[in-house]
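Enquirer: What follows is run-v7.txt, made up of compact mmCIF, C-alpha atoms:
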```
# COMPACT_ATOMS: atom_id res chain seq x y z
CA MET A 1 63.33 54.80 62.17
CA VAL A 2 63.53 52.35 65.06
CA SER A 3 60.35 51.61 67.01
CA GLU A 4 60.10 51.88 70.79
CA ARG A 5 60.18 48.11 71.07
CA GLY A 6 63.17 48.03 68.73
CA LEU A 7 65.01 50.40 71.07
CA ASP A 8 64.10 48.14 73.99
CA VAL A 9 65.48 45.16 72.07
CA LEU A 10 68.68 47.10 71.40
CA ARG A 11 68.91 47.96 75.10
CA VAL A 12 68.72 44.32 76.23
CA ILE A 13 71.18 43.25 73.51
CA VAL A 14 73.69 45.79 74.81
CA GLN A 15 73.11 44.85 78.44
CA ASP A 16 73.26 41.09 77.82
CA TYR A 17 76.33 41.37 75.62
CA VAL A 18 78.14 43.56 78.15
CA ALA A 19 77.33 41.04 80.88
CA SER A 20 78.21 37.86 78.99
CA ARG A 21 80.42 38.84 76.02
CA GLU A 22 78.32 36.35 74.03
CA PRO A 23 76.28 37.29 70.93
CA VAL A 24 72.60 37.68 71.83
CA GLY A 25 69.89 35.76 69.97
CA SER A 26 66.12 36.20 69.75
CA LYS A 27 65.41 33.08 71.80
CA SER A 28 67.54 34.24 74.73
CA ILE A 29 65.83 37.65 74.60
CA VAL A 30 62.38 36.01 74.81
CA ASP A 31 63.52 33.67 77.59
CA ARG A 32 65.22 36.32 79.71
CA HIS A 33 63.07 39.40 79.14
CA SER A 34 59.35 40.08 79.28
CA PHE A 35 58.50 41.46 75.85
CA GLY A 36 55.23 39.55 75.53
CA VAL A 37 55.87 38.72 71.86
CA SER A 38 57.20 35.69 69.99
CA ALA A 39 60.79 34.98 69.07
CA ALA A 40 59.82 35.55 65.42
CA THR A 41 58.70 39.10 66.25
CA ILE A 42 61.95 39.76 68.09
CA ARG A 43 63.86 38.42 65.07
CA ASN A 44 62.03 40.94 62.88
CA ASP A 45 62.99 43.73 65.29
CA MET A 46 66.59 42.54 65.22
CA ALA A 47 66.56 42.49 61.42
CA LEU A 48 65.47 46.14 61.40
CA LEU A 49 68.19 47.00 63.93
CA GLU A 50 70.72 45.30 61.68
CA GLU A 51 69.47 47.26 58.65
CA GLU A 52 70.08 50.43 60.67
CA GLU A 53 73.62 49.15 61.45
CA LEU A 54 72.93 49.18 65.18
CA ILE A 55 73.75 45.49 65.64
CA ALA A 56 75.83 43.01 63.61
CA ALA A 57 76.60 39.32 63.43
CA PRO A 58 80.20 38.62 64.48
CA HIS A 59 80.07 35.28 62.65
CA THR A 60 77.51 32.92 61.16
CA SER A 61 75.53 32.43 64.37
CA SER A 62 72.04 33.59 65.17
CA GLY A 63 73.32 36.00 67.81
CA ARG A 64 74.07 39.69 67.33
CA ILE A 65 76.31 42.21 69.06
CA PRO A 66 76.05 46.00 69.23
CA THR A 67 77.99 48.16 66.77
CA ASP A 68 79.58 51.49 67.69
CA LYS A 69 76.47 53.14 66.29
CA GLY A 70 74.32 50.85 68.43
CA TYR A 71 76.24 51.78 71.57
CA ARG A 72 75.82 55.44 70.64
CA VAL A 73 72.02 55.10 70.32
CA PHE A 74 71.94 53.12 73.58
CA VAL A 75 73.90 55.78 75.47
CA ASN A 76 71.80 58.60 74.00
CA GLN A 77 68.65 56.80 75.16
CA LEU A 78 70.10 55.85 78.52
CA ALA A 79 67.82 56.87 81.35
CA ASP A 80 68.13 54.08 83.92
CA LEU A 81 71.42 55.01 85.56
CA ARG A 82 71.93 52.69 88.49
CA PRO A 83 72.68 54.87 91.51
CA LEU A 84 75.68 53.95 93.61
CA SER A 85 74.91 52.06 96.77
CA ALA A 86 75.09 53.74 100.16
CA ALA A 87 78.22 51.71 100.88
CA GLN A 88 79.88 52.95 97.68
CA ARG A 89 79.01 56.58 98.44
CA THR A 90 80.36 56.21 101.98
CA ALA A 91 83.55 54.63 100.63
CA ILE A 92 84.06 57.56 98.23
CA GLU A 93 83.64 60.12 100.98
CA LYS A 94 85.85 58.28 103.45
CA PHE A 95 88.61 57.41 100.99
CA LEU A 96 88.91 60.83 99.36
CA GLY A 97 88.34 62.74 102.59
CA ALA A 98 91.52 61.26 104.06
CA SER A 99 93.71 63.03 101.49
CA ALA A 100 96.25 65.54 102.72
CA ASP A 101 96.72 67.69 99.59
CA LEU A 102 95.69 68.03 95.94
CA ASP A 103 98.24 65.52 94.65
CA GLU A 104 97.03 62.88 97.07
CA VAL A 105 93.33 63.54 96.52
CA LEU A 106 93.68 63.22 92.74
CA GLY A 107 95.78 60.06 93.11
CA ARG A 108 93.15 58.58 95.41
CA THR A 109 90.39 59.68 93.03
CA VAL A 110 91.70 57.69 90.06
CA ARG A 111 92.51 54.63 92.17
CA LEU A 112 89.01 54.62 93.61
CA LEU A 113 87.29 55.25 90.28
CA SER A 114 89.26 52.48 88.56
CA GLN A 115 88.22 50.08 91.31
CA ILE A 116 84.52 51.00 91.09
CA THR A 117 84.31 50.90 87.28
CA ARG A 118 87.07 48.34 86.54
CA GLN A 119 88.25 50.66 83.76
CA VAL A 120 91.22 53.00 83.31
CA ALA A 121 90.49 56.13 85.34
CA LEU A 122 91.82 59.58 84.45
CA VAL A 123 91.68 62.94 86.16
CA GLN A 124 93.02 66.21 84.80
CA TYR A 125 94.76 68.55 87.21
CA PRO A 126 92.75 71.72 87.79
CA SER A 127 93.29 74.02 84.84
CA LEU A 128 95.79 76.62 85.95
CA THR A 129 95.48 79.17 83.18
CA ARG A 130 93.67 81.50 85.56
CA SER A 131 95.01 80.14 88.86
CA ARG A 132 96.43 82.63 91.31
CA ILE A 133 99.10 82.59 93.97
CA ARG A 134 97.70 82.00 97.44
CA HIS A 135 100.89 81.81 99.49
CA VAL A 136 104.66 81.45 99.25
CA GLU A 137 106.70 79.90 102.04
CA LEU A 138 110.46 79.68 102.58
CA VAL A 139 111.56 76.90 104.93
CA ARG A 140 115.18 76.75 106.13
CA LEU A 141 116.14 73.07 106.48
CA THR A 142 119.88 73.36 107.13
CA ALA A 143 122.47 76.12 106.99
CA THR A 144 122.81 75.59 103.22
CA ARG A 145 119.49 73.98 102.28
CA MET A 146 116.05 75.55 101.83
CA MET A 147 112.61 74.49 100.63
CA THR A 148 110.55 76.91 98.55
CA VAL A 149 106.81 76.21 98.71
CA LEU A 150 104.28 77.62 96.24
CA ILE A 151 100.54 77.27 96.94
CA THR A 152 97.84 78.23 94.41
CA ASP A 153 94.17 79.01 94.97
CA THR A 154 93.27 75.64 93.39
CA GLY A 155 95.03 73.83 96.23
CA ARG A 156 98.11 72.87 94.23
CA VAL A 157 101.24 72.71 96.42
CA GLU A 158 104.62 72.79 94.66
CA GLN A 159 107.77 72.23 96.71
CA ARG A 160 111.39 72.48 95.66
CA LEU A 161 114.73 72.09 97.48
CA ILE A 162 117.52 74.56 96.69
CA ASP A 163 121.03 75.20 97.95
CA VAL A 164 121.62 78.61 99.53
CA SER A 165 124.50 80.55 101.01
CA PRO A 166 125.13 79.81 104.70
CA GLY A 167 125.19 83.55 105.32
CA LEU A 168 121.44 84.03 104.95
CA ASP A 169 120.00 84.95 108.33
CA GLU A 170 116.42 84.48 109.53
CA GLU A 171 115.74 88.23 109.59
CA PHE A 172 116.53 88.45 105.87
CA LEU A 173 114.39 85.40 105.11
CA ASP A 174 111.48 86.89 107.07
CA ARG A 175 111.70 90.12 105.04
CA LEU A 176 111.93 88.18 101.78
CA ARG A 177 108.98 85.96 102.73
CA THR A 178 106.87 89.02 103.59
CA ARG A 179 107.89 90.79 100.36
CA LEU A 180 107.06 87.69 98.27
CA ASN A 181 103.58 87.30 99.70
CA SER A 182 102.72 90.98 99.55
CA SER A 183 104.01 91.17 95.96
CA LEU A 184 102.66 87.88 94.58
CA GLY A 185 99.52 87.16 96.61
CA GLY A 186 96.47 87.05 94.34
CA LEU A 187 98.45 87.34 91.10
CA ALA A 188 97.82 85.06 88.13
CA LEU A 189 100.70 82.68 87.43
CA ALA A 190 101.92 84.55 84.33
CA GLU A 191 101.92 87.85 86.25
CA ALA A 192 103.71 86.22 89.19
CA ALA A 193 106.52 84.98 86.91
CA GLU A 194 107.01 88.51 85.54
CA ARG A 195 107.04 90.02 89.04
CA LEU A 196 109.58 87.44 90.28
CA ALA A 197 111.93 88.22 87.38
CA THR A 198 112.50 91.76 88.74
CA LEU A 199 112.32 90.99 92.46
CA ALA A 200 116.09 91.06 93.02
CA ASP A 201 116.21 94.69 91.83
CA GLN A 202 114.28 95.70 94.97
CA PHE A 203 117.03 94.49 97.35
CA PRO A 204 120.51 95.79 98.19
CA ALA A 205 123.32 94.65 95.88
CA GLU A 206 124.79 92.28 98.48
CA GLN A 207 121.44 90.47 98.86
CA ALA A 208 120.42 90.51 95.18
CA PRO A 209 122.21 87.26 94.17
CA ALA A 210 120.46 85.26 96.92
CA VAL A 211 117.09 86.81 96.08
CA LYS A 212 117.59 86.08 92.38
CA HIS A 213 118.47 82.45 93.14
CA ILE A 214 115.33 81.95 95.24
CA ALA A 215 113.17 83.85 92.73
CA THR A 216 114.46 81.65 89.88
CA SER A 217 113.35 78.54 91.77
CA LEU A 218 109.90 80.05 92.29
CA ILE A 219 109.64 81.01 88.60
CA GLU A 220 110.34 77.39 87.66
CA GLN A 221 107.64 76.27 90.08
CA VAL A 222 105.17 78.75 88.61
CA LEU A 223 105.87 77.59 85.06
CA ALA A 224 105.57 73.94 86.09
CA ASN A 225 102.13 74.67 87.53
CA ARG A 226 100.95 76.13 84.23
CA GLN A 227 101.30 72.79 82.43
CA ASP A 228 98.19 70.63 82.04
CA LYS A 229 98.65 67.07 83.13
CA LEU A 230 96.70 63.92 83.94
CA VAL A 231 96.77 61.33 86.69
CA MET A 232 95.89 57.79 85.62
CA ALA A 233 95.20 54.46 87.34
CA GLY A 234 93.87 51.06 86.38
CA ALA A 235 95.76 50.31 83.15
CA ALA A 236 95.79 46.67 84.25
CA ASN A 237 92.01 46.65 83.77
CA LEU A 238 92.58 46.86 80.01
CA VAL A 239 94.60 43.67 80.12
CA ARG A 240 91.74 42.00 81.99
CA THR A 241 89.45 42.79 79.03
CA GLU A 242 92.07 42.11 76.35
CA GLU A 243 89.66 39.84 74.45
CA ASP A 244 87.54 42.91 73.65
CA PHE A 245 90.32 44.27 71.43
CA THR A 246 91.24 42.87 68.03
CA GLY A 247 94.91 42.07 67.56
CA SER A 248 97.27 43.50 70.16
CA ILE A 249 96.25 45.63 73.12
CA TYR A 250 99.60 47.45 73.14
CA PRO A 251 98.62 50.24 70.71
CA VAL A 252 95.82 51.16 73.13
CA LEU A 253 98.21 51.11 76.09
CA GLU A 254 100.64 53.30 74.15
CA ALA A 255 97.87 55.73 73.22
CA ILE A 256 96.71 56.29 76.80
CA GLU A 257 100.29 57.04 77.85
CA GLU A 258 100.32 60.10 75.58
CA GLN A 259 98.98 62.80 77.87
CA VAL A 260 98.92 65.43 75.14
CA THR A 261 96.71 63.17 73.01
CA LEU A 262 94.31 62.45 75.87
CA LEU A 263 94.08 66.12 76.83
CA ARG A 264 93.26 66.96 73.21
CA LEU A 265 90.59 64.25 73.18
CA PHE A 266 89.12 65.61 76.40
CA GLY A 267 89.07 69.08 74.90
CA GLU A 268 87.19 67.95 71.78
CA MET A 269 84.49 65.95 73.59
CA GLU A 270 81.24 67.93 73.63
CA PRO A 271 79.36 67.74 76.96
CA ASP A 272 75.62 67.13 77.01
CA GLN A 273 73.08 69.25 78.90
CA ASN A 274 74.25 67.58 82.13
CA GLY A 275 77.92 68.29 81.47
CA PHE A 276 78.69 64.66 80.60
CA SER A 277 80.56 63.46 77.49
CA VAL A 278 80.73 60.00 75.94
CA SER A 279 82.91 59.21 72.91
CA ILE A 280 82.50 55.72 71.47
CA GLY A 281 84.68 53.48 69.32
CA SER A 282 85.30 54.91 65.86
CA GLU A 283 84.70 58.42 67.23
CA ASN A 284 88.10 58.04 68.94
CA ALA A 285 89.96 56.55 65.96
CA GLN A 286 92.05 59.66 65.24
CA PHE A 287 93.49 59.39 68.76
CA GLY A 288 94.47 55.73 68.40
CA LEU A 289 91.57 54.65 70.60
CA GLY A 290 89.12 53.36 67.98
CA GLU A 291 88.17 50.31 70.03
CA THR A 292 87.54 52.16 73.26
CA SER A 293 84.87 54.30 74.83
CA VAL A 294 85.71 57.41 76.85
CA LEU A 295 83.37 58.80 79.51
CA THR A 296 84.13 62.18 81.09
CA THR A 297 82.54 64.91 83.13
CA GLY A 298 83.79 68.08 84.74
CA TYR A 299 84.76 68.91 88.30
CA THR A 300 85.69 72.26 89.81
CA ALA A 301 88.43 73.24 92.24
CA SER A 302 88.39 76.15 94.66
CA GLY A 303 89.63 78.51 91.94
CA GLY A 304 86.49 77.81 89.89
CA GLU A 305 88.33 76.24 86.95
CA LEU A 306 86.65 73.27 85.27
CA SER A 307 88.75 70.15 84.65
CA ARG A 308 87.89 66.66 83.41
CA LEU A 309 87.47 63.35 85.16
CA GLY A 310 86.59 60.08 83.46
CA VAL A 311 87.27 56.51 82.42
CA ILE A 312 88.51 54.72 79.31
CA GLY A 313 87.69 51.12 78.49
CA PRO A 314 86.49 48.80 75.73
CA THR A 315 83.27 49.68 73.94
CA ARG A 316 81.77 46.65 75.67
CA MET A 317 81.46 48.34 79.04
CA ASP A 318 78.74 48.88 81.63
CA TYR A 319 77.79 52.42 80.59
CA SER A 320 75.05 52.85 83.18
CA ASN A 321 77.24 51.94 86.15
CA ASN A 322 80.29 53.77 84.82
CA ILE A 323 78.45 57.03 84.09
CA ALA A 324 76.88 56.95 87.56
CA ALA A 325 80.28 56.32 89.18
CA VAL A 326 82.06 59.08 87.25
CA ARG A 327 79.30 61.56 88.12
CA ALA A 328 79.30 60.64 91.81
CA VAL A 329 83.08 60.86 92.17
CA ALA A 330 83.22 64.16 90.25
CA ARG A 331 80.53 65.71 92.46
CA TYR A 332 82.29 64.68 95.65
CA LEU A 333 85.67 65.82 94.29
CA SER A 334 84.20 69.26 93.45
CA ARG A 335 82.70 69.53 96.92
CA LEU A 336 85.94 68.43 98.61
CA LEU A 337 88.17 70.81 96.66
CA GLY A 338 85.65 73.63 97.01
CA GLU A 339 85.73 73.27 100.78
CA GLU A 340 89.52 73.35 100.79
```
In structure tokens, what does this structure look like?
Expert:
Amino acid sequence: MVSERGLDVLRVIVQDYVASREPVGSKSIVDRHSFGVSAATIRNDMALLEEEELIAAPHTSSGRIPTDKGYRVFVNQLADLRPLSAAQRTAIEKFLGASADLDEVLGRTVRLLSQITRQVALVQYPSLTRSRIRHVELVRLTATRMMTVLITDTGRVEQRLIDVSPGLDEEFLDRLRTRLNSSLGGLALAEAAERLATLADQFPAEQAPAVKHIATSLIEQVLANRQDKLVMAGAANLVRTEEDFTGSIYPVLEAIEEQVTLLRLFGEMEPDQNGFSVSIGSENAQFGLGETSVLTTGYTASGGELSRLGVIGPTRMDYSNNIAAVRAVARYLSRLLGEE
């Protein structure tokens, strides 16, 4: 068992090591922090922490660095989350509020989060397993060119250009648009795909080929929307902290490019009572990310589906600041998408 003072010693070792990337010794702890005890007492506390495998000596110096287990205890004991400044909160609101659609707001979200945390930022598209069709639009661009637009209740907008027969008149397109929205509005994506497959049967034989062509495009859009995917920004931040990784950084860069792997990792991370998840170092080894920490929390879109938002970086990261940033951005993102 680690004493309260031992946990405090672990806390300052983590904080000082994150700030300096230098092993932390008992003398520097006494000089920089007000423990009110001698360096010998701190050395005893550090010896106990080392016995518990919470800190380790990287080489034959007097300094120690946190282990993965030490970071885990630190995060579990973390209470002093530094709140974002008023300027940071205003920047989040202003930057994300300027987005025009879901694609842009998620792209802005990861760029902003990577800038605040200086880590790789990730956001999962709203889960669409229970998403429903909000609206379908057909936009004639030229005599032989049309745009089909699919909008879901999560705010996702999918557009596709298709070639059409020059003989399609506006009256026919108006009828088809009305039929599509009355038939598909409110349906789940899987149901919408089934309904679209038989739509051409409801039109006269001379119009059926055109209807089938447009319906096929919409089916492809529906199926594309059912796929989970991630948006990522800030991979260059990993290069900035390359010294925190042993050997080459490229295996880590390759791992974060595998969206299926990251989505599986997100799915296996257990949230705490506040809905936050932290996976540290060796806990991520099976995903090729054994030298990284992953911090995620959930956000909700207008459809009520919960998706994940978070950051990935070296285990030597500022957990307090990063957790606070991820939480703040997720809360604003939920509020923004809920309003829309």
Enquirer: Smallest atom-to-atom distance to Val329 of chain A: which of A:Arg140, A:Arg179, A:Arg89, A:Lys69, using all atoms listed in the file?
Expert: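 Using all atoms listed in the file, the shortest distance to Val329 of chain A belongs to A:Arg89.
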Enquirer: Could you check which of A:Glu254, A:Glu93, A:Glu52, A:Asp153 is closest to Leu238 of chain A, using only C-alpha atoms?
Expert: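 Closest to Leu238 of chain A of all the choices is A:Glu254.
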Enquirer: Quick check, in Å to one decimal: how far apart do atom CA of Leu184 of chain A and atom CA of Ser131 of chain A lie?
Expert: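 Straight-line distance from atom CA of Leu184 of chain A to atom CA of Ser131 of chain A works out to 12.3 Å.
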Enquirer: By how many Å are atom CA of Val164 of chain A and atom CA of Arg145 of chain A apart?
Expert: 5.8 Å
Enquirer: Can you pull out every residue within 12 Å of Arg32 of chain A, counting all atoms listed in the file, but drop anything in the same chain fewer than 3 positions away, and send it as a PyMOL selection string?
Expert: chain A and resi 9+12-13+15-16+24-29+35-36+39
Enquirer: Rank nothing, just name the residue among A:Gln124, A:Thr198, A:Gln119, A:Ser277 nearest to Thr216 of chain A, using all atoms listed in the file.
Expert: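 The closest residue to Thr216 of chain A is A:Thr198.
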Enquirer: Which residue is closest to Lys94 of chain A? Choose from A:Thr109, A:Leu81, A:Thr246, A:Arg11 and count only C-alpha atoms.
Expert: A:Thr109
